[in-house]
Amino acid sequence: MLGPTLLRASRNQRLRGVIERNPLTRKVVTRFVAGEDRDAVLAAVHRLHSRGMTTTLDFLGEDVSDLAGARRVRDQYLALLDRLHEAGDAERSEVSVKLSAVGQSIPKDGHGIALGHAHQIAVAAAAAGCRMTLDMEDHTTVDSTLAIGDELRHEFPLTGNVLQANLRRTAGDLARLADSGARVRLVKGAYREPESVAYQRKHEVDAAYRQGLHQLMASGCYPMVATHDPAMIRAASDAAEQHGKGLDEWEIQMLYGISAGLQSQLARSGHTVRIYIPYGTDWYGYFMRRLAERPANVAFFLRALARG
């Protein structure tokens, strides 16, 4: 029951204020978040690239409800892409963009605003020699997010989309994308969703994830397998072999600050390993979802608070 409780807490504004003001919490957050500014995240990028990894960068923030705020997030990505290019790290990087942070949540024409801002980021990414993936959020955003991905791929074929295995619709979405050539990141899903749209039990989500792996490996898409579970990594490798995909035709994605040893082991074995690196000051929702995913993360958090 701890996971659902933490997912509810990720949207609780009163609790958010309490946790964000606690200086001990901020010390723990540095395990999962590279820092609050571009200098910090670029240092993390360079460090990971030197270890043979690739990276995807997320400027933290979501559910932005005003145009000025959406423009600020867009501008952060444009500045980040300039810095990546200047540092020579763009080719091994991509940016991950939450559309609710660039306008999708704005009540009037949020879809159009998000599309416009995402297009500007895609233009800058292409100029820098970088790629862009559209993060997926709760189930109410799926249709808009996939439609924006479809639109952007007309001009930027390597634009990626994320699909969540816990959603009951995902098998159909994978089938629809099968011939698109899209880059597709398959995740289990980190949002609290109603039973009508999402599997609730771990064994159901695991089964859906395995099915998704086979669909993705059998498709014309470029699979991006987002998991820290060794069993799922083995399942992905088996599915790739079964469907004739070599190591250069798919990749494994993992979160910054988690399973560093496994990340290095996989990179040494020839896998493309991409590390998802979040940064910025709006870390609360992301942090709570990371705690919800694994009891070990909660134990780490509590031990750190006790030591503080």
# chains A, B, ... in the order shown; residues from 1 in each chain; ligands from 1
$ residues_around --residues "stretch 33-36 of chain A" --least-positions-apart "3" --cutoff "10 Å" --atoms "only C-alpha atoms" --output "ChimeraX atom specification"
/A:26,28-30,39-45,57-60,255-257,276-283,286-287
$ select_by_dssp --residues "stretch 21-266 of chain A" --states "strand (DSSP E)" --output "PyMOL selection string"
chain A and resi 54-59+93-98+131-135+160-164+183-187+222-226+251-255
$ residues_around --residues "A:His139" --least-positions-apart "5" --cutoff "8 Å" --atoms "only C-alpha atoms" --output "ChimeraX atom specification"
/A:167,193,197
$ write_last_selection --atoms "N, CA and C atoms" --output "short mmCIF file (atom, residue, chain, number, x, y, z; two decimals), in the first residue's frame"
data_model
loop_
_atom_site.label_atom_id
_atom_site.label_comp_id
_atom_site.auth_asym_id
_atom_site.auth_seq_id
_atom_site.Cartn_x
_atom_site.Cartn_y
_atom_site.Cartn_z
N LEU A 167 -0.92 0.87 -18.60
CA LEU A 167 -2.18 1.31 -19.20
C LEU A 167 -2.74 0.22 -20.11
N GLU A 193 -3.26 5.55 -11.41
CA GLU A 193 -4.32 5.53 -12.40
C GLU A 193 -5.49 4.68 -11.93
N VAL A 197 -8.61 2.09 -16.42
CA VAL A 197 -7.67 2.36 -17.51
C VAL A 197 -6.31 1.70 -17.31
#
$ residues_around --residues "A:Glu249" --least-positions-apart "2" --cutoff "12 Å" --atoms "only C-alpha atoms" --output "MDAnalysis selection string"
chainID A and resid 181 183 216:225 237 240:241 243:247 251:252 270:272
$ write_last_selection --atoms "C-alpha atoms" --output "PDB file, in the first residue's frame"
ATOM      1  CA  GLY A 181       9.833   3.916 -37.250  1.00  0.00           C
ATOM      2  CA  ARG A 183      11.798   5.746 -31.148  1.00  0.00           C
ATOM      3  CA  LEU A 216       8.249  -3.432 -29.699  1.00  0.00           C
ATOM      4  CA  MET A 217      11.073  -5.747 -30.768  1.00  0.00           C
ATOM      5  CA  ALA A 218       8.877  -7.194 -33.542  1.00  0.00           C
ATOM      6  CA  SER A 219       8.010  -3.719 -34.849  1.00  0.00           C
ATOM      7  CA  GLY A 220       9.838  -1.255 -37.058  1.00  0.00           C
ATOM      8  CA  CYS A 221      10.355   1.055 -34.088  1.00  0.00           C
ATOM      9  CA  TYR A 222      13.606   1.690 -32.217  1.00  0.00           C
ATOM     10  CA  PRO A 223      13.030   0.150 -28.764  1.00  0.00           C
ATOM     11  CA  MET A 224      14.152   2.027 -25.647  1.00  0.00           C
ATOM     12  CA  VAL A 225      13.719  -0.383 -22.742  1.00  0.00           C
ATOM     13  CA  SER A 237      17.492  -9.366 -24.704  1.00  0.00           C
ATOM     14  CA  ALA A 240      15.548  -8.776 -29.342  1.00  0.00           C
ATOM     15  CA  GLU A 241      17.356 -11.989 -30.288  1.00  0.00           C
ATOM     16  CA  HIS A 243      13.151 -10.820 -33.542  1.00  0.00           C
ATOM     17  CA  GLY A 244      16.628 -10.348 -35.024  1.00  0.00           C
ATOM     18  CA  LYS A 245      17.555  -7.021 -33.414  1.00  0.00           C
ATOM     19  CA  GLY A 246      21.261  -6.502 -32.749  1.00  0.00           C
ATOM     20  CA  LEU A 247      22.707  -4.562 -29.819  1.00  0.00           C
ATOM     21  CA  GLU A 251      18.872   0.462 -25.949  1.00  0.00           C
ATOM     22  CA  ILE A 252      18.377   0.200 -22.206  1.00  0.00           C
ATOM     23  CA  GLY A 270      28.124  -3.755 -25.415  1.00  0.00           C
ATOM     24  CA  HIS A 271      24.634  -2.462 -24.669  1.00  0.00           C
ATOM     25  CA  THR A 272      23.690   1.137 -25.335  1.00  0.00           C
TER      26      THR A 272
END
$ closest_residue --among "A:Gln253, A:Leu177, A:Ala87, A:Ala165" --to "A:Glu204" --atoms "only C-alpha atoms"
A:Ala165
$ atom_distance --atom1 "atom CA of A:Thr54" --atom2 "atom CA of A:Ala118"
22.0 Å
$ residues_around --residues "A:Arg131" --least-positions-apart "2" --cutoff "9 Å" --atoms "only C-alpha atoms" --output "ChimeraX atom specification"
/A:56,90-91,93-96,122,125-126,128-129,133,156,158-160
$ residues_around --residues "A:Gly116" --least-positions-apart "3" --cutoff "10 Å" --atoms "only C-alpha atoms" --output "list in words"
Arg74, Val102, Gly103, Gly110, His111, Gly112, Ile113, His119, Gln120, Ile121, Ala122, Ile148 and Leu152 of chain A
$ closest_residue --among "A:Arg185, A:Arg153, A:Arg168, A:Arg92" --to "A:Leu48" --atoms "only C-alpha atoms"
A:Arg92
$ select_by_dssp --residues "stretch 15-224 of chain A" --states "alpha helix (DSSP H)" --output "VMD selection string"
chain A and resid 15 to 21 23 to 29 38 to 50 67 to 87 110 to 128 142 to 153 170 to 177 202 to 218
$ closest_residue --among "A:Asp229, A:Asp143, A:Asp206, A:Asp238" --to "A:Ser259" --atoms "only C-alpha atoms"
A:Asp229
$ atom_distance --atom1 "atom CA of A:Met53" --atom2 "atom CA of A:Gln164"
23.8 Å
$ residues_around --residues "A:Lys98" --least-positions-apart "2" --cutoff "7 Å" --atoms "only C-alpha atoms" --output "list in words"
Glu62, Ser96, Ser100, Ala101, Leu134, Asp135 and Met136 of chain A
$ atom_distance --atom1 "atom CA of A:Leu81" --atom2 "atom CA of A:Val97"
12.4 Å
$ closest_residue --among "A:His46, A:Thr170, A:Arg51, A:Tyr209" --to "A:Ala260" --atoms "only C-alpha atoms"
A:Arg51
$ decode --residues "stretch 260-286 of chain A" --atoms "N, CA, C and O atoms" --output "PDB file, in the first residue's frame"
ATOM      1  N   ALA A 260      23.766   1.967 -10.368  1.00  0.00           N
ATOM      2  CA  ALA A 260      24.954   2.418 -11.114  1.00  0.00           C
ATOM      3  C   ALA A 260      25.845   1.249 -11.519  1.00  0.00           C
ATOM      4  O   ALA A 260      26.415   1.239 -12.614  1.00  0.00           O
ATOM      5  N   GLY A 261      25.979   0.256 -10.646  1.00  0.00           N
ATOM      6  CA  GLY A 261      26.798  -0.896 -10.975  1.00  0.00           C
ATOM      7  C   GLY A 261      26.251  -1.665 -12.160  1.00  0.00           C
ATOM      8  O   GLY A 261      27.008  -2.075 -13.052  1.00  0.00           O
ATOM      9  N   LEU A 262      24.944  -1.869 -12.186  1.00  0.00           N
ATOM     10  CA  LEU A 262      24.317  -2.581 -13.302  1.00  0.00           C
ATOM     11  C   LEU A 262      24.444  -1.769 -14.587  1.00  0.00           C
ATOM     12  O   LEU A 262      24.683  -2.334 -15.665  1.00  0.00           O
ATOM     13  N   GLN A 263      24.314  -0.457 -14.493  1.00  0.00           N
ATOM     14  CA  GLN A 263      24.483   0.397 -15.672  1.00  0.00           C
ATOM     15  C   GLN A 263      25.860   0.183 -16.301  1.00  0.00           C
ATOM     16  O   GLN A 263      25.987  -0.012 -17.520  1.00  0.00           O
ATOM     17  N   SER A 264      26.896   0.215 -15.475  1.00  0.00           N
ATOM     18  CA  SER A 264      28.259   0.055 -15.974  1.00  0.00           C
ATOM     19  C   SER A 264      28.473  -1.340 -16.551  1.00  0.00           C
ATOM     20  O   SER A 264      29.123  -1.505 -17.591  1.00  0.00           O
ATOM     21  N   GLN A 265      27.940  -2.343 -15.887  1.00  0.00           N
ATOM     22  CA  GLN A 265      28.080  -3.723 -16.365  1.00  0.00           C
ATOM     23  C   GLN A 265      27.464  -3.887 -17.749  1.00  0.00           C
ATOM     24  O   GLN A 265      28.065  -4.500 -18.651  1.00  0.00           O
ATOM     25  N   LEU A 266      26.275  -3.337 -17.946  1.00  0.00           N
ATOM     26  CA  LEU A 266      25.602  -3.455 -19.234  1.00  0.00           C
ATOM     27  C   LEU A 266      26.355  -2.694 -20.322  1.00  0.00           C
ATOM     28  O   LEU A 266      26.474  -3.172 -21.454  1.00  0.00           O
ATOM     29  N   ALA A 267      26.868  -1.522 -19.984  1.00  0.00           N
ATOM     30  CA  ALA A 267      27.629  -0.740 -20.966  1.00  0.00           C
ATOM     31  C   ALA A 267      28.889  -1.491 -21.383  1.00  0.00           C
ATOM     32  O   ALA A 267      29.243  -1.517 -22.568  1.00  0.00           O
ATOM     33  N   ARG A 268      29.551  -2.111 -20.416  1.00  0.00           N
ATOM     34  CA  ARG A 268      30.780  -2.872 -20.737  1.00  0.00           C
ATOM     35  C   ARG A 268      30.474  -4.073 -21.621  1.00  0.00           C
ATOM     36  O   ARG A 268      31.315  -4.501 -22.408  1.00  0.00           O
ATOM     37  N   SER A 269      29.258  -4.609 -21.504  1.00  0.00           N
ATOM     38  CA  SER A 269      28.899  -5.796 -22.298  1.00  0.00           C
ATOM     39  C   SER A 269      28.439  -5.445 -23.710  1.00  0.00           C
ATOM     40  O   SER A 269      28.064  -6.340 -24.476  1.00  0.00           O
ATOM     41  N   GLY A 270      28.452  -4.157 -24.049  1.00  0.00           N
ATOM     42  CA  GLY A 270      28.124  -3.755 -25.415  1.00  0.00           C
ATOM     43  C   GLY A 270      26.759  -3.147 -25.613  1.00  0.00           C
ATOM     44  O   GLY A 270      26.419  -2.732 -26.733  1.00  0.00           O
ATOM     45  N   HIS A 271      25.953  -3.078 -24.558  1.00  0.00           N
ATOM     46  CA  HIS A 271      24.634  -2.462 -24.669  1.00  0.00           C
ATOM     47  C   HIS A 271      24.756  -0.940 -24.722  1.00  0.00           C
ATOM     48  O   HIS A 271      25.642  -0.357 -24.095  1.00  0.00           O
ATOM     49  N   THR A 272      23.846  -0.313 -25.447  1.00  0.00           N
ATOM     50  CA  THR A 272      23.690   1.137 -25.335  1.00  0.00           C
ATOM     51  C   THR A 272      22.868   1.401 -24.086  1.00  0.00           C
ATOM     52  O   THR A 272      21.718   0.954 -23.983  1.00  0.00           O
ATOM     53  N   VAL A 273      23.452   2.109 -23.129  1.00  0.00           N
ATOM     54  CA  VAL A 273      22.778   2.409 -21.867  1.00  0.00           C
ATOM     55  C   VAL A 273      22.604   3.925 -21.787  1.00  0.00           C
ATOM     56  O   VAL A 273      23.584   4.669 -21.821  1.00  0.00           O
ATOM     57  N   ARG A 274      21.358   4.363 -21.688  1.00  0.00           N
ATOM     58  CA  ARG A 274      21.064   5.793 -21.618  1.00  0.00           C
ATOM     59  C   ARG A 274      20.526   6.124 -20.224  1.00  0.00           C
ATOM     60  O   ARG A 274      19.576   5.498 -19.753  1.00  0.00           O
ATOM     61  N   ILE A 275      21.127   7.112 -19.594  1.00  0.00           N
ATOM     62  CA  ILE A 275      20.745   7.480 -18.242  1.00  0.00           C
ATOM     63  C   ILE A 275      19.833   8.697 -18.288  1.00  0.00           C
ATOM     64  O   ILE A 275      20.160   9.718 -18.895  1.00  0.00           O
ATOM     65  N   TYR A 276      18.678   8.570 -17.646  1.00  0.00           N
ATOM     66  CA  TYR A 276      17.686   9.646 -17.570  1.00  0.00           C
ATOM     67  C   TYR A 276      18.078  10.566 -16.426  1.00  0.00           C
ATOM     68  O   TYR A 276      18.051  10.177 -15.256  1.00  0.00           O
ATOM     69  N   ILE A 277      18.478  11.806 -16.775  1.00  0.00           N
ATOM     70  CA  ILE A 277      19.009  12.732 -15.781  1.00  0.00           C
ATOM     71  C   ILE A 277      18.055  13.917 -15.608  1.00  0.00           C
ATOM     72  O   ILE A 277      17.953  14.766 -16.485  1.00  0.00           O
ATOM     73  N   PRO A 278      17.377  13.996 -14.467  1.00  0.00           N
ATOM     74  CA  PRO A 278      16.539  15.160 -14.198  1.00  0.00           C
ATOM     75  C   PRO A 278      17.343  16.252 -13.497  1.00  0.00           C
ATOM     76  O   PRO A 278      18.290  15.975 -12.758  1.00  0.00           O
ATOM     77  N   TYR A 279      16.941  17.503 -13.716  1.00  0.00           N
ATOM     78  CA  TYR A 279      17.560  18.603 -12.991  1.00  0.00           C
ATOM     79  C   TYR A 279      16.560  19.736 -12.871  1.00  0.00           C
ATOM     80  O   TYR A 279      15.543  19.765 -13.565  1.00  0.00           O
ATOM     81  N   GLY A 280      16.857  20.688 -11.968  1.00  0.00           N
ATOM     82  CA  GLY A 280      15.975  21.826 -11.764  1.00  0.00           C
ATOM     83  C   GLY A 280      15.468  21.882 -10.336  1.00  0.00           C
ATOM     84  O   GLY A 280      15.749  21.002  -9.512  1.00  0.00           O
ATOM     85  N   THR A 281      14.703  22.907 -10.038  1.00  0.00           N
ATOM     86  CA  THR A 281      14.217  23.126  -8.677  1.00  0.00           C
ATOM     87  C   THR A 281      12.861  22.472  -8.412  1.00  0.00           C
ATOM     88  O   THR A 281      12.486  22.272  -7.261  1.00  0.00           O
ATOM     89  N   ASP A 282      12.118  22.114  -9.459  1.00  0.00           N
ATOM     90  CA  ASP A 282      10.771  21.570  -9.296  1.00  0.00           C
ATOM     91  C   ASP A 282      10.835  20.048  -9.222  1.00  0.00           C
ATOM     92  O   ASP A 282      10.316  19.327 -10.079  1.00  0.00           O
ATOM     93  N   TRP A 283      11.464  19.543  -8.151  1.00  0.00           N
ATOM     94  CA  TRP A 283      11.799  18.123  -8.072  1.00  0.00           C
ATOM     95  C   TRP A 283      10.796  17.288  -7.289  1.00  0.00           C
ATOM     96  O   TRP A 283      10.877  16.057  -7.276  1.00  0.00           O
ATOM     97  N   TYR A 284       9.825  17.898  -6.633  1.00  0.00           N
ATOM     98  CA  TYR A 284       8.992  17.171  -5.669  1.00  0.00           C
ATOM     99  C   TYR A 284       8.229  16.001  -6.294  1.00  0.00           C
ATOM    100  O   TYR A 284       8.294  14.871  -5.802  1.00  0.00           O
ATOM    101  N   GLY A 285       7.483  16.256  -7.381  1.00  0.00           N
ATOM    102  CA  GLY A 285       6.687  15.188  -7.978  1.00  0.00           C
ATOM    103  C   GLY A 285       7.548  14.038  -8.465  1.00  0.00           C
ATOM    104  O   GLY A 285       7.232  12.861  -8.246  1.00  0.00           O
ATOM    105  N   TYR A 286       8.648  14.355  -9.123  1.00  0.00           N
ATOM    106  CA  TYR A 286       9.565  13.325  -9.611  1.00  0.00           C
ATOM    107  C   TYR A 286      10.115  12.511  -8.441  1.00  0.00           C
ATOM    108  O   TYR A 286      10.148  11.270  -8.480  1.00  0.00           O
TER     109      TYR A 286
END
